[in-house]
Each structure stands twice: as C-alpha cells, then as structure tokens.
>>> print(open('structure.cif').read())   # mmCIF, C-alpha atoms and all ligand atoms
data_final
loop_
_atom_site.group_PDB
_atom_site.id
_atom_site.type_symbol
_atom_site.label_atom_id
_atom_site.label_comp_id
_atom_site.auth_asym_id
_atom_site.auth_seq_id
_atom_site.Cartn_x
_atom_site.Cartn_y
_atom_site.Cartn_z
ATOM 1 C CA MET A 1045 130.456 102.889 92.448
ATOM 2 C CA LYS A 1046 127.623 100.376 92.107
ATOM 3 C CA LYS A 1047 124.037 101.561 92.064
ATOM 4 C CA ILE A 1048 121.877 100.864 95.098
ATOM 5 C CA ILE A 1049 118.271 99.678 95.136
ATOM 6 C CA CYS A 1050 116.202 99.629 98.320
ATOM 7 C CA ILE A 1051 113.497 96.939 98.174
ATOM 8 C CA THR A 1052 110.694 96.817 100.717
ATOM 9 C CA GLY A 1053 109.064 93.427 101.215
ATOM 10 C CA ALA A 1054 112.224 91.614 100.135
ATOM 11 C CA SER A 1055 111.699 88.484 102.226
ATOM 12 C CA SER A 1056 109.442 86.747 99.671
ATOM 13 C CA GLY A 1057 107.555 86.996 96.388
ATOM 14 C CA PHE A 1058 108.174 89.937 94.074
ATOM 15 C CA GLY A 1059 110.641 91.610 96.448
ATOM 16 C CA GLU A 1060 112.867 88.549 96.757
ATOM 17 C CA ALA A 1061 112.786 87.988 92.983
ATOM 18 C CA CYS A 1062 113.731 91.639 92.429
ATOM 19 C CA ALA A 1063 116.614 91.326 94.911
ATOM 20 C CA ASN A 1064 117.887 88.452 92.768
ATOM 21 C CA ILE A 1065 117.649 90.164 89.396
ATOM 22 C CA PHE A 1066 119.134 93.472 90.553
ATOM 23 C CA SER A 1067 121.964 91.632 92.343
ATOM 24 C CA ALA A 1068 122.643 89.645 89.164
ATOM 25 C CA ASN A 1069 122.908 92.964 87.350
ATOM 26 C CA HIS A 1070 125.530 94.477 89.634
ATOM 27 C CA TYR A 1071 123.382 96.475 92.047
ATOM 28 C CA ASP A 1072 124.009 96.631 95.779
ATOM 29 C CA VAL A 1073 120.753 95.967 97.563
ATOM 30 C CA ILE A 1074 119.000 97.047 100.757
ATOM 31 C CA LEU A 1075 116.526 94.387 101.891
ATOM 32 C CA VAL A 1076 113.597 95.621 104.012
ATOM 33 C CA GLY A 1077 111.064 93.365 105.752
ATOM 34 C CA ARG A 1078 109.992 92.069 109.132
ATOM 35 C CA ARG A 1079 111.301 88.492 108.920
ATOM 36 C CA GLU A 1080 114.949 89.114 109.671
ATOM 37 C CA GLU A 1081 116.007 85.462 109.366
ATOM 38 C CA LYS A 1082 114.659 85.248 105.792
ATOM 39 C CA LEU A 1083 116.422 88.478 104.865
ATOM 40 C CA ARG A 1084 119.718 87.284 106.377
ATOM 41 C CA SER A 1085 119.540 84.021 104.491
ATOM 42 C CA LEU A 1086 118.781 85.892 101.236
ATOM 43 C CA LYS A 1087 121.736 88.225 101.887
ATOM 44 C CA THR A 1088 124.090 85.232 102.228
ATOM 45 C CA THR A 1089 122.759 83.656 99.021
ATOM 46 C CA LEU A 1090 123.014 86.870 97.008
ATOM 47 C CA GLU A 1091 126.498 87.787 98.209
ATOM 48 C CA GLU A 1092 127.816 84.293 97.520
ATOM 49 C CA LYS A 1093 126.177 84.112 94.096
ATOM 50 C CA PHE A 1094 126.738 87.628 92.806
ATOM 51 C CA GLY A 1095 129.505 89.161 94.941
ATOM 52 C CA ASN A 1096 127.503 92.343 95.539
ATOM 53 C CA GLN A 1097 126.904 94.050 98.874
ATOM 54 C CA VAL A 1098 123.618 93.468 100.627
ATOM 55 C CA LEU A 1099 122.283 95.316 103.661
ATOM 56 C CA VAL A 1100 119.546 93.790 105.784
ATOM 57 C CA LEU A 1101 117.180 96.375 107.270
ATOM 58 C CA PRO A 1102 114.686 94.537 109.501
ATOM 59 C CA LEU A 1103 111.741 96.880 109.648
ATOM 60 C CA ASP A 1104 107.976 97.000 109.971
ATOM 61 C CA VAL A 1105 106.986 99.702 107.491
ATOM 62 C CA GLN A 1106 103.864 100.438 109.562
ATOM 63 C CA LYS A 1107 106.063 101.912 112.322
ATOM 64 C CA ARG A 1108 106.739 105.514 111.395
ATOM 65 C CA SER A 1109 109.453 106.325 113.931
ATOM 66 C CA ALA A 1110 111.262 103.026 113.305
ATOM 67 C CA VAL A 1111 111.237 103.719 109.536
ATOM 68 C CA GLU A 1112 112.567 107.253 110.059
ATOM 69 C CA ALA A 1113 115.302 106.079 112.442
ATOM 70 C CA ALA A 1114 116.378 103.168 110.242
ATOM 71 C CA PHE A 1115 116.950 105.364 107.182
ATOM 72 C CA GLN A 1116 118.480 108.272 109.131
ATOM 73 C CA ASN A 1117 120.963 105.871 110.718
ATOM 74 C CA LEU A 1118 122.123 104.262 107.474
ATOM 75 C CA ALA A 1119 125.895 104.153 107.052
ATOM 76 C CA GLU A 1120 126.970 106.892 104.595
ATOM 77 C CA GLN A 1121 127.718 104.454 101.758
ATOM 78 C CA TRP A 1122 124.146 103.130 101.915
ATOM 79 C CA LYS A 1123 122.549 106.569 101.655
ATOM 80 C CA ASN A 1124 123.363 106.727 97.926
ATOM 81 C CA ILE A 1125 120.094 105.023 97.012
ATOM 82 C CA ASN A 1126 119.271 105.244 93.295
ATOM 83 C CA ILE A 1127 116.050 103.217 93.206
ATOM 84 C CA LEU A 1128 113.316 102.760 95.797
ATOM 85 C CA LEU A 1129 111.024 99.805 95.143
ATOM 86 C CA ASN A 1130 107.910 100.226 97.296
ATOM 87 C CA ASN A 1131 106.695 96.632 97.212
ATOM 88 C CA ALA A 1132 105.883 95.695 100.836
ATOM 89 C CA GLY A 1133 102.190 95.041 101.090
ATOM 90 C CA LEU A 1134 99.466 92.585 101.739
ATOM 91 C CA ALA A 1135 95.814 91.740 101.594
ATOM 92 C CA ALA A 1136 94.306 90.655 104.912
ATOM 93 C CA GLY A 1137 91.062 88.725 104.493
ATOM 94 C CA ARG A 1138 88.621 88.510 101.605
ATOM 95 C CA ASP A 1139 85.238 89.403 103.063
ATOM 96 C CA ASN A 1140 82.165 91.385 102.157
ATOM 97 C CA PHE A 1141 82.217 94.918 103.513
ATOM 98 C CA ASP A 1142 79.692 94.160 106.275
ATOM 99 C CA GLU A 1143 81.664 91.135 107.507
ATOM 100 C CA ALA A 1144 85.250 92.340 107.130
ATOM 101 C CA SER A 1145 87.373 93.103 110.182
ATOM 102 C CA LEU A 1146 88.456 96.608 111.093
ATOM 103 C CA ASP A 1147 91.776 95.186 112.265
ATOM 104 C CA ASP A 1148 92.395 93.732 108.799
ATOM 105 C CA TRP A 1149 91.461 97.051 107.216
ATOM 106 C CA GLU A 1150 93.841 98.953 109.470
ATOM 107 C CA THR A 1151 96.678 96.522 108.753
ATOM 108 C CA MET A 1152 96.248 97.035 104.998
ATOM 109 C CA ILE A 1153 95.974 100.818 105.261
ATOM 110 C CA ASP A 1154 98.949 100.997 107.631
ATOM 111 C CA THR A 1155 101.123 98.786 105.407
ATOM 112 C CA ASN A 1156 100.100 99.408 101.803
ATOM 113 C CA LEU A 1157 99.430 103.110 102.164
ATOM 114 C CA LYS A 1158 101.018 104.633 105.243
ATOM 115 C CA GLY A 1159 104.045 102.310 105.080
ATOM 116 C CA LEU A 1160 104.687 103.318 101.487
ATOM 117 C CA LEU A 1161 104.476 106.996 102.497
ATOM 118 C CA TYR A 1162 106.777 106.599 105.525
ATOM 119 C CA VAL A 1163 109.449 104.815 103.494
ATOM 120 C CA SER A 1164 109.167 107.221 100.560
ATOM 121 C CA LYS A 1165 109.554 110.283 102.799
ATOM 122 C CA ALA A 1166 112.516 108.713 104.600
ATOM 123 C CA VAL A 1167 114.333 107.796 101.369
ATOM 124 C CA LEU A 1168 113.489 110.877 99.277
ATOM 125 C CA PRO A 1169 116.275 113.109 100.633
ATOM 126 C CA TYR A 1170 118.775 110.491 99.448
ATOM 127 C CA LEU A 1171 117.092 110.036 96.065
ATOM 128 C CA MET A 1172 117.099 113.787 95.494
ATOM 129 C CA LYS A 1173 120.890 113.823 95.706
ATOM 130 C CA GLN A 1174 121.195 111.305 92.856
ATOM 131 C CA LYS A 1175 121.292 112.124 89.154
ATOM 132 C CA ASN A 1176 118.903 109.437 87.901
ATOM 133 C CA ALA A 1177 116.698 108.430 90.791
ATOM 134 C CA HIS A 1178 113.632 106.250 90.375
ATOM 135 C CA ILE A 1179 110.704 105.290 92.594
ATOM 136 C CA ILE A 1180 108.861 102.133 91.557
ATOM 137 C CA ASN A 1181 105.591 101.439 93.340
ATOM 138 C CA ILE A 1182 103.829 98.085 93.215
ATOM 139 C CA GLY A 1183 100.100 98.612 92.815
ATOM 140 C CA SER A 1184 97.715 95.911 91.589
ATOM 141 C CA THR A 1185 94.917 95.254 89.132
ATOM 142 C CA ALA A 1186 92.941 95.774 92.368
ATOM 143 C CA GLY A 1187 94.027 99.395 92.016
ATOM 144 C CA LYS A 1188 92.319 99.614 88.635
ATOM 145 C CA GLN A 1189 88.951 97.905 89.318
ATOM 146 C CA VAL A 1190 87.280 97.154 92.641
ATOM 147 C CA TYR A 1191 85.996 93.570 92.972
ATOM 148 C CA GLN A 1192 83.623 91.896 95.416
ATOM 149 C CA LYS A 1193 85.228 91.282 98.821
ATOM 150 C CA GLY A 1194 88.230 93.366 97.789
ATOM 151 C CA ASN A 1195 86.977 96.587 99.462
ATOM 152 C CA VAL A 1196 89.846 98.043 101.501
ATOM 153 C CA TYR A 1197 92.627 96.123 99.733
ATOM 154 C CA CYS A 1198 91.356 97.635 96.464
ATOM 155 C CA ALA A 1199 91.128 101.044 98.122
ATOM 156 C CA THR A 1200 94.764 100.919 99.239
ATOM 157 C CA LYS A 1201 95.878 99.956 95.739
ATOM 158 C CA HIS A 1202 93.777 102.734 94.177
ATOM 159 C CA ALA A 1203 95.605 104.996 96.607
ATOM 160 C CA VAL A 1204 98.967 103.665 95.380
ATOM 161 C CA GLN A 1205 97.894 104.670 91.862
ATOM 162 C CA ALA A 1206 96.910 108.170 93.038
ATOM 163 C CA ILE A 1207 100.061 108.638 95.108
ATOM 164 C CA SER A 1208 102.215 107.513 92.189
ATOM 165 C CA GLU A 1209 100.580 110.072 89.883
ATOM 166 C CA SER A 1210 101.008 112.740 92.525
ATOM 167 C CA MET A 1211 104.660 111.850 93.185
ATOM 168 C CA ARG A 1212 105.349 112.001 89.454
ATOM 169 C CA ILE A 1213 103.974 115.543 89.226
ATOM 170 C CA ASP A 1214 105.515 116.906 92.419
ATOM 171 C CA LEU A 1215 108.938 115.364 91.796
ATOM 172 C CA LEU A 1216 109.261 116.481 88.167
ATOM 173 C CA ALA A 1217 111.588 119.310 89.091
ATOM 174 C CA HIS A 1218 113.837 116.837 90.885
ATOM 175 C CA LYS A 1219 114.053 114.603 87.792
ATOM 176 C CA ILE A 1220 112.923 111.540 89.725
ATOM 177 C CA LYS A 1221 111.170 108.880 87.641
ATOM 178 C CA VAL A 1222 108.027 107.406 89.161
ATOM 179 C CA THR A 1223 106.683 104.125 87.842
ATOM 180 C CA VAL A 1224 103.666 102.223 89.111
ATOM 181 C CA ILE A 1225 103.280 98.571 88.142
ATOM 182 C CA HIS A 1226 99.910 96.868 88.524
ATOM 183 C CA PRO A 1227 100.262 93.065 88.533
ATOM 184 C CA GLY A 1228 97.359 90.654 88.343
ATOM 185 C CA ALA A 1229 97.225 87.268 90.069
ATOM 186 C CA ALA A 1230 100.723 86.006 90.877
ATOM 187 C CA GLU A 1231 101.601 82.945 92.926
ATOM 188 C CA THR A 1232 103.659 84.160 95.875
ATOM 189 C CA GLU A 1233 102.914 84.100 99.615
ATOM 190 C CA PHE A 1234 100.200 86.690 98.914
ATOM 191 C CA SER A 1235 97.172 84.348 99.129
ATOM 192 C CA LEU A 1236 98.610 82.444 102.077
ATOM 193 C CA VAL A 1237 98.827 85.751 103.956
ATOM 194 C CA ARG A 1238 95.427 86.940 102.744
ATOM 195 C CA LEU A 1239 93.736 83.669 103.752
ATOM 196 C CA LYS A 1240 95.431 83.581 107.167
ATOM 197 C CA GLN A 1241 97.843 80.707 106.400
ATOM 198 C CA ASN A 1242 95.159 78.354 104.980
ATOM 199 C CA ALA A 1243 97.465 76.635 102.467
ATOM 200 C CA ALA A 1244 94.727 74.532 100.806
ATOM 201 C CA GLU A 1245 92.551 77.584 100.116
ATOM 202 C CA ALA A 1246 95.563 79.599 98.963
ATOM 203 C CA LYS A 1247 96.506 76.845 96.486
ATOM 204 C CA LYS A 1248 92.992 76.916 94.998
ATOM 205 C CA VAL A 1249 93.404 80.566 94.007
ATOM 206 C CA TYR A 1250 95.941 79.506 91.364
ATOM 207 C CA GLU A 1251 94.256 76.325 90.113
ATOM 208 C CA GLY A 1252 93.049 75.990 86.501
ATOM 209 C CA TYR A 1253 95.442 78.515 84.950
ATOM 210 C CA GLU A 1254 99.068 79.574 84.974
ATOM 211 C CA PRO A 1255 99.377 82.665 87.135
ATOM 212 C CA LEU A 1256 102.204 85.171 86.970
ATOM 213 C CA HIS A 1257 105.391 84.137 88.743
ATOM 214 C CA ALA A 1258 107.412 86.469 90.951
ATOM 215 C CA GLU A 1259 110.230 86.400 88.388
ATOM 216 C CA ASP A 1260 107.887 87.729 85.682
ATOM 217 C CA ILE A 1261 107.280 90.875 87.699
ATOM 218 C CA ALA A 1262 110.954 91.142 88.684
ATOM 219 C CA ASN A 1263 111.962 91.090 85.005
ATOM 220 C CA ILE A 1264 109.504 93.899 84.306
ATOM 221 C CA VAL A 1265 110.640 95.954 87.291
ATOM 222 C CA PHE A 1266 114.228 95.560 86.115
ATOM 223 C CA TYR A 1267 113.277 96.550 82.573
ATOM 224 C CA THR A 1268 111.606 99.770 83.749
ATOM 225 C CA ALA A 1269 114.770 100.577 85.705
ATOM 226 C CA SER A 1270 117.083 99.884 82.762
ATOM 227 C CA LEU A 1271 115.825 102.405 80.226
ATOM 228 C CA PRO A 1272 117.779 105.489 79.136
ATOM 229 C CA SER A 1273 117.597 108.359 81.615
ATOM 230 C CA HIS A 1274 115.185 110.386 79.458
ATOM 231 C CA VAL A 1275 112.657 107.533 79.055
ATOM 232 C CA CYS A 1276 110.020 106.897 81.743
ATOM 233 C CA ILE A 1277 107.513 104.095 81.992
ATOM 234 C CA ASN A 1278 104.867 105.781 84.094
ATOM 235 C CA GLU A 1279 102.433 102.942 84.486
ATOM 236 C CA LEU A 1280 102.088 99.273 83.517
ATOM 237 C CA GLU A 1281 99.293 96.747 84.036
ATOM 238 C CA VAL A 1282 100.488 93.148 83.774
ATOM 239 C CA THR A 1283 98.425 89.973 83.961
ATOM 240 C CA CYS A 1284 98.881 86.344 83.042
ATOM 241 C CA LEU A 1285 97.303 85.161 79.802
ATOM 242 C CA ALA A 1286 94.239 83.785 81.616
ATOM 243 C CA GLN A 1287 93.352 87.146 83.174
ATOM 244 C CA ALA A 1288 91.857 90.207 81.471
ATOM 245 C CA ASN A 1289 91.397 92.430 84.527
ATOM 246 C CA SER A 1290 90.210 92.237 88.142
ATOM 247 C CA PHE A 1291 86.920 90.608 87.086
ATOM 248 C CA TYR A 1292 87.726 88.237 84.243
ATOM 249 C CA LEU A 1293 89.934 85.254 84.982
ATOM 250 C CA PHE A 1294 89.462 82.188 82.781
ATOM 251 C CA LYS A 1295 90.016 78.959 84.726
ATOM 252 C CA GLU A 1296 90.112 75.491 83.137
ATOM 253 C CA PRO A 1297 88.157 72.906 85.148
ATOM 254 C CA VAL A 1298 90.547 70.951 87.437
HETATM 255 P P1 LIG B 1301 104.368 88.158 99.487
HETATM 256 O O1 LIG B 1301 103.447 87.908 100.625
HETATM 257 O O2 LIG B 1301 105.131 87.015 98.929
HETATM 258 O O3 LIG B 1301 105.397 89.322 99.869
HETATM 259 C C1 LIG B 1301 105.009 90.428 100.621
HETATM 260 C C2 LIG B 1301 106.234 91.095 101.183
HETATM 261 O O4 LIG B 1301 105.829 92.270 101.904
HETATM 262 C C3 LIG B 1301 106.965 90.197 102.159
HETATM 263 O O5 LIG B 1301 108.344 90.299 101.927
HETATM 264 C C4 LIG B 1301 106.617 90.784 103.511
HETATM 265 O O6 LIG B 1301 107.715 90.621 104.401
HETATM 266 C C5 LIG B 1301 106.462 92.258 103.166
HETATM 267 N N1 LIG B 1301 105.675 92.969 104.165
HETATM 268 C C6 LIG B 1301 104.377 92.785 104.470
HETATM 269 N N2 LIG B 1301 104.035 93.581 105.511
HETATM 270 C C7 LIG B 1301 105.150 94.285 105.841
HETATM 271 C C8 LIG B 1301 105.443 95.249 106.836
HETATM 272 N N3 LIG B 1301 104.509 95.678 107.701
HETATM 273 N N4 LIG B 1301 106.686 95.754 106.901
HETATM 274 C C9 LIG B 1301 107.638 95.343 106.033
HETATM 275 N N5 LIG B 1301 107.434 94.428 105.071
HETATM 276 C C10 LIG B 1301 106.196 93.899 104.988
HETATM 277 O O7 LIG B 1301 103.471 88.821 98.363
HETATM 278 P P2 LIG B 1301 103.819 89.475 96.936
HETATM 279 O O8 LIG B 1301 105.243 89.372 96.618
HETATM 280 O O9 LIG B 1301 102.835 88.922 95.996
HETATM 281 O O10 LIG B 1301 103.403 90.974 97.239
HETATM 282 C C11 LIG B 1301 104.251 92.076 97.022
HETATM 283 C C12 LIG B 1301 103.398 93.263 96.620
HETATM 284 O O11 LIG B 1301 102.713 92.968 95.416
HETATM 285 C C13 LIG B 1301 102.315 93.641 97.624
HETATM 286 O O12 LIG B 1301 102.252 95.047 97.701
HETATM 287 C C14 LIG B 1301 101.035 93.073 97.002
HETATM 288 O O13 LIG B 1301 99.903 93.793 97.403
HETATM 289 C C15 LIG B 1301 101.347 93.281 95.537
HETATM 290 N N6 LIG B 1301 100.609 92.467 94.584
HETATM 291 C C16 LIG B 1301 100.594 91.106 94.646
HETATM 292 C C17 LIG B 1301 99.914 90.369 93.698
HETATM 293 C C18 LIG B 1301 99.817 88.883 93.751
HETATM 294 O O14 LIG B 1301 98.871 88.314 93.157
HETATM 295 N N7 LIG B 1301 100.750 88.178 94.385
HETATM 296 C C19 LIG B 1301 99.253 91.026 92.566
HETATM 297 C C20 LIG B 1301 99.307 92.451 92.617
HETATM 298 C C21 LIG B 1301 99.998 93.138 93.565
HETATM 299 P P3 LIG B 1301 107.613 90.271 105.962
HETATM 300 O O15 LIG B 1301 106.413 89.414 106.163
HETATM 301 O O16 LIG B 1301 108.910 89.583 106.226
HETATM 302 O O17 LIG B 1301 107.530 91.607 106.619
HETATM 303 C C1 LIG B 1302 96.640 90.992 94.138
HETATM 304 C C2 LIG B 1302 95.793 90.526 92.997
HETATM 305 O O1 LIG B 1302 93.419 89.944 92.280
HETATM 306 O O2 LIG B 1302 94.042 89.369 94.545
HETATM 307 O O3 LIG B 1302 96.758 92.360 94.184
HETATM 308 O O4 LIG B 1302 93.650 91.646 93.948
HETATM 309 S S1 LIG B 1302 94.155 90.380 93.487
#
>>> encode(input="structure.cif", output="structure tokens")
Amino acid sequence: MKKIICITGASSGFGEACANIFSANHYDVILVGRREEKLRSLKTTLEEKFGNQVLVLPLDVQKRSAVEAAFQNLAEQWKNINILLNNAGLAAGRDNFDEASLDDWETMIDTNLKGLLYVSKAVLPYLMKQKNAHIINIGSTAGKQVYQKGNVYCATKHAVQAISESMRIDLLAHKIKVTVIHPGAAETEFSLVRLKQNAAEAKKVYEGYEPLHAEDIANIVFYTASLPSHVCINELEVTCLAQANSFYLFKEPV
C-alpha cells in the first residue's frame, strides 16, 4: 500500500509544491485548503502526471467542528495517514502594534495556531496506528526572532516552535517524529495575502535578491520525510543566500 501524506494549505505555495514532490515519489495525497477549485485542479494534474490517488478535503482549518467532522468522516482507506504536514497559515497585515487590527490578529491566531492544533488532534489517532508516523510543522524565521510590525504573526510562529517541541516530547512513546521547519523569505502567495492583494507591494518584497522558491522548501520537507526510521530532523532553519535571519536581508539596489 502507498503511504499517505495529508497537506494543509495545499492550494498554493509550499503546500502545492509538496503535493507535487510527494506525488512524484509515490505517495497518495490528501489536499486541504479553502479554495476547492484550486485543489480540484491540482488533483487532476497530479493524478494525470503521477498516477497516484489524491483526495480533496475543502476545509477552513479555523473551524474546529468542520475539521473534526472532515477527518472523522474520511473513507477507511484515507485514514492510514503516515505524514501530516501542518503548513496552512498566513500573515495578515504588517503594522505596528498600536495600529494593527484585532481582526487580523484573530485570523492569524485562529489559522496558524488553533488551526494547526485542530488538525493535529483530528489526525493523531490515525498517525498513532502507523509504524513510522511523522508530523512536519511549518514555522518561520519569524518564529525565531520577532521583527518590527511582525507582532502577532511572529507570536503565532513562536507558538508553532513551542508546540512542535511539546509534541515531540509528548509523542515520544508513540514513536511519532516531529519536525519543525523555519523558512525565511520565499516567493509564494504569502506577501499578496499579507498585503491584502496589493500585487505591486507584494512584488517589492522580493526585489533585489533571489528569495527561496516553494520547491526549495518542498525538497527539504521531502528530505526530512525520507530518512531512515531511527533518524529524526527535529528542527531546521532555512533562508535564501541573501538572508541571515529575520533582521538581516541584503538587497541589491534595483
Ligand atoms: P501561500 O499563501 O502561497 O499558501 C498558504 C496556504 O495556506 C494556501 O494554500 C491557503 O489555502 C492555506 N490556508 C490559509 N488559511 C487557511 C485556512 N483558514 N484553512 C485552510 N487553509 C488555509 O503561502 P506559503 O506557501 O508561503 O505559506 C505556507 C506556510 O509557510 C504558512 O504557514 C506561512 O506562514 C509559512 N511561511 C511562509 C514563508 C514565506 O516567505 N512565503 C516563510 C516562512 C513561513 P486557501 O487560501 O485555499 O485556504
Ligand atoms: C514569512 C517570512 O520574514 O515575512 O514567515 O516573516 S517573514
């Protein structure tokens, strides 16, 4: 039987790139996200290209009862999940603390933090039945250092770091690997979402240097999932060459 990976936030960016690489490497894939049309189109592409099975699970990870119901109601064959990739997430706004919106803060907390918890709790019973299960959480360099105007986004990613450490300890007895990957700046839909669909401003974020690409992170996610069963990568911080950490990003004049 093929292994199954469940990817949250599979409709773009890192999640979509991971769906591609795991499909190319003979995994069946569960695609989670809100934009059902994008997920359906990705399913068609993957199945045609790789001949694997792909399940579309349209879901807003902020909605606790919908998350619980969706995973409880999975067909039996899809309950054999080997890897959970908690990737769904976003930044909403980039504002000083005094000017930022409470609605944006709640969206980030509900998605990046509570959504990750809801999905993890819903999938854990299935992971616990597997021999070599693995949870991979996508954090951020924003989860390592707080930067100006990053406030609650940084807080949610610091929480992803803490939750990953805690999962690793509490799930030791169940032999579940827990990896947290902290990417730096990567050109996906991330800045478009953060800057409320202002494409010109989003483009500027990546000017003057070569940022990470979604495929770079997908390759790393796949690598962490491909190691022998006794070897665990617990944590990785990954940036492009122009970036040292949350604060230092060297841009050439454009
Ligand atoms: P994208 O915006 O391209 O992808 C985000 C994905 O998350 C989309 O598939 C989106 O799907 C999904 N998502 C967002 N909200 C929800 C929700 N409520 N329910 C279900 N799915 C949701 O950005 P990235 O690929 O860059 O981001 C992926 C992860 O990587 C995020 O956690 C982000 O914080 C993190 N990250 C990104 C970095 C970057 O520079 N790009 C760097 C470090 C970390 P849909 O809208 O269809 O629901
Ligand atoms: C995304 C990278 O630098 O915008 O997590 O926080 S950054």
>>> resolve_selection(input="structure.cif", expression="the PyMOL selection byres (((not hetatm)) within 6 of (chain B and resi 1301))", output="NGL selection string")
:A and (1052-1059 or 1077-1079 or 1103-1106 or 1131-1134 or 1155 or 1182-1184 or 1227-1234)
>>> residues_around(input="structure.cif", residues="Gly1137 of chain A", least_positions_apart="6", cutoff="9 Å", atoms="all atoms listed in the file", output="list of chain:residue names")
A:Ala1144, A:Ser1145, A:Asp1148, A:Trp1149, A:Lys1193, A:Gly1194, A:Tyr1197, A:Val1237, A:Arg1238, A:Leu1239, A:Lys1240
>>> atom_distance(input="structure.cif", atom1="atom CA of Ala1119 of chain A", atom2="atom CA of Ile1179 of chain A")
21.0 Å
>>> resolve_selection(input="structure.cif", expression="the PyMOL selection byres (((chain A and resi 1063-1068) around 8) and not hetatm)", output="list of chain:residue names")
A:Ile1049, A:Ile1051, A:Ala1054, A:Gly1059, A:Glu1060, A:Ala1061, A:Cys1062, A:Asn1069, A:His1070, A:Tyr1071, A:Asp1072, A:Val1073, A:Leu1075, A:Leu1090, A:Phe1094, A:Asn1096, A:Ala1262, A:Asn1263, A:Phe1266
>>> atom_distance(input="structure.cif", atom1="atom CA of Lys1188 of chain A", atom2="atom CA of Ile1074 of chain A")
29.4 Å
>>> closest_residue(input="structure.cif", among="A:Asn1176, A:Gln1241, A:Thr1223, A:Ser1235", to="ligand LIG 1302 (chain B)", atoms="only C-alpha atoms and all ligand atoms")
A:Ser1235
>>> closest_residue(input="structure.cif", among="A:Tyr1191, A:Tyr1253, A:Phe1294, A:Tyr1162", to="ligand LIG 1302 (chain B)", atoms="all atoms listed in the file")
A:Tyr1191
>>> closest_residue(input="structure.cif", among="A:Val1163, A:Cys1284, A:Ile1127, A:Leu1215", to="Lys1046 of chain A", atoms="all atoms listed in the file")
A:Ile1127
>>> decode(input="structure.cif", residues="segment 1234-1248 of chain A", atoms="N, CA, C and O atoms", output="PDB file, in the first residue's frame")
ATOM      1  N   PHE A1234       2.230  34.343  -0.224  1.00  0.00           N
ATOM      2  CA  PHE A1234       2.292  34.829   1.154  1.00  0.00           C
ATOM      3  C   PHE A1234       2.175  36.359   1.264  1.00  0.00           C
ATOM      4  O   PHE A1234       1.355  36.883   2.026  1.00  0.00           O
ATOM      5  N   SER A1235       2.999  37.089   0.493  1.00  0.00           N
ATOM      6  CA  SER A1235       3.004  38.560   0.626  1.00  0.00           C
ATOM      7  C   SER A1235       1.748  39.179   0.020  1.00  0.00           C
ATOM      8  O   SER A1235       1.262  40.205   0.500  1.00  0.00           O
ATOM      9  N   LEU A1236       1.236  38.544  -1.026  1.00  0.00           N
ATOM     10  CA  LEU A1236      -0.019  39.017  -1.618  1.00  0.00           C
ATOM     11  C   LEU A1236      -1.144  38.952  -0.576  1.00  0.00           C
ATOM     12  O   LEU A1236      -1.950  39.866  -0.433  1.00  0.00           O
ATOM     13  N   VAL A1237      -1.165  37.856   0.167  1.00  0.00           N
ATOM     14  CA  VAL A1237      -2.182  37.687   1.222  1.00  0.00           C
ATOM     15  C   VAL A1237      -1.919  38.686   2.349  1.00  0.00           C
ATOM     16  O   VAL A1237      -2.825  39.388   2.802  1.00  0.00           O
ATOM     17  N   ARG A1238      -0.644  38.774   2.753  1.00  0.00           N
ATOM     18  CA  ARG A1238      -0.315  39.651   3.886  1.00  0.00           C
ATOM     19  C   ARG A1238      -0.676  41.108   3.566  1.00  0.00           C
ATOM     20  O   ARG A1238      -1.170  41.833   4.412  1.00  0.00           O
ATOM     21  N   LEU A1239      -0.402  41.516   2.312  1.00  0.00           N
ATOM     22  CA  LEU A1239      -0.603  42.913   1.923  1.00  0.00           C
ATOM     23  C   LEU A1239      -1.956  43.114   1.246  1.00  0.00           C
ATOM     24  O   LEU A1239      -2.121  44.030   0.434  1.00  0.00           O
ATOM     25  N   LYS A1240      -2.880  42.248   1.552  1.00  0.00           N
ATOM     26  CA  LYS A1240      -4.299  42.385   1.148  1.00  0.00           C
ATOM     27  C   LYS A1240      -4.448  42.547  -0.364  1.00  0.00           C
ATOM     28  O   LYS A1240      -5.107  43.464  -0.846  1.00  0.00           O
ATOM     29  N   GLN A1241      -3.757  41.686  -1.103  1.00  0.00           N
ATOM     30  CA  GLN A1241      -3.869  41.578  -2.571  1.00  0.00           C
ATOM     31  C   GLN A1241      -3.232  42.763  -3.314  1.00  0.00           C
ATOM     32  O   GLN A1241      -3.506  42.954  -4.504  1.00  0.00           O
ATOM     33  N   ASN A1242      -2.373  43.539  -2.663  1.00  0.00           N
ATOM     34  CA  ASN A1242      -1.655  44.620  -3.345  1.00  0.00           C
ATOM     35  C   ASN A1242      -0.431  44.000  -4.052  1.00  0.00           C
ATOM     36  O   ASN A1242       0.641  43.838  -3.471  1.00  0.00           O
ATOM     37  N   ALA A1243      -0.626  43.676  -5.350  1.00  0.00           N
ATOM     38  CA  ALA A1243       0.387  42.906  -6.080  1.00  0.00           C
ATOM     39  C   ALA A1243       1.698  43.688  -6.228  1.00  0.00           C
ATOM     40  O   ALA A1243       2.788  43.105  -6.151  1.00  0.00           O
ATOM     41  N   ALA A1244       1.604  45.008  -6.428  1.00  0.00           N
ATOM     42  CA  ALA A1244       2.825  45.813  -6.620  1.00  0.00           C
ATOM     43  C   ALA A1244       3.658  45.803  -5.336  1.00  0.00           C
ATOM     44  O   ALA A1244       4.884  45.626  -5.379  1.00  0.00           O
ATOM     45  N   GLU A1245       3.011  45.984  -4.201  1.00  0.00           N
ATOM     46  CA  GLU A1245       3.734  45.972  -2.922  1.00  0.00           C
ATOM     47  C   GLU A1245       4.292  44.576  -2.621  1.00  0.00           C
ATOM     48  O   GLU A1245       5.401  44.426  -2.104  1.00  0.00           O
ATOM     49  N   ALA A1246       3.527  43.563  -2.963  1.00  0.00           N
ATOM     50  CA  ALA A1246       3.964  42.182  -2.709  1.00  0.00           C
ATOM     51  C   ALA A1246       5.218  41.881  -3.540  1.00  0.00           C
ATOM     52  O   ALA A1246       6.162  41.253  -3.052  1.00  0.00           O
ATOM     53  N   LYS A1247       5.234  42.365  -4.781  1.00  0.00           N
ATOM     54  CA  LYS A1247       6.382  42.123  -5.667  1.00  0.00           C
ATOM     55  C   LYS A1247       7.651  42.752  -5.071  1.00  0.00           C
ATOM     56  O   LYS A1247       8.735  42.156  -5.107  1.00  0.00           O
ATOM     57  N   LYS A1248       7.482  43.939  -4.485  1.00  0.00           N
ATOM     58  CA  LYS A1248       8.643  44.660  -3.929  1.00  0.00           C
ATOM     59  C   LYS A1248       9.346  43.875  -2.823  1.00  0.00           C
ATOM     60  O   LYS A1248      10.549  44.032  -2.609  1.00  0.00           O
TER      61      LYS A1248
END
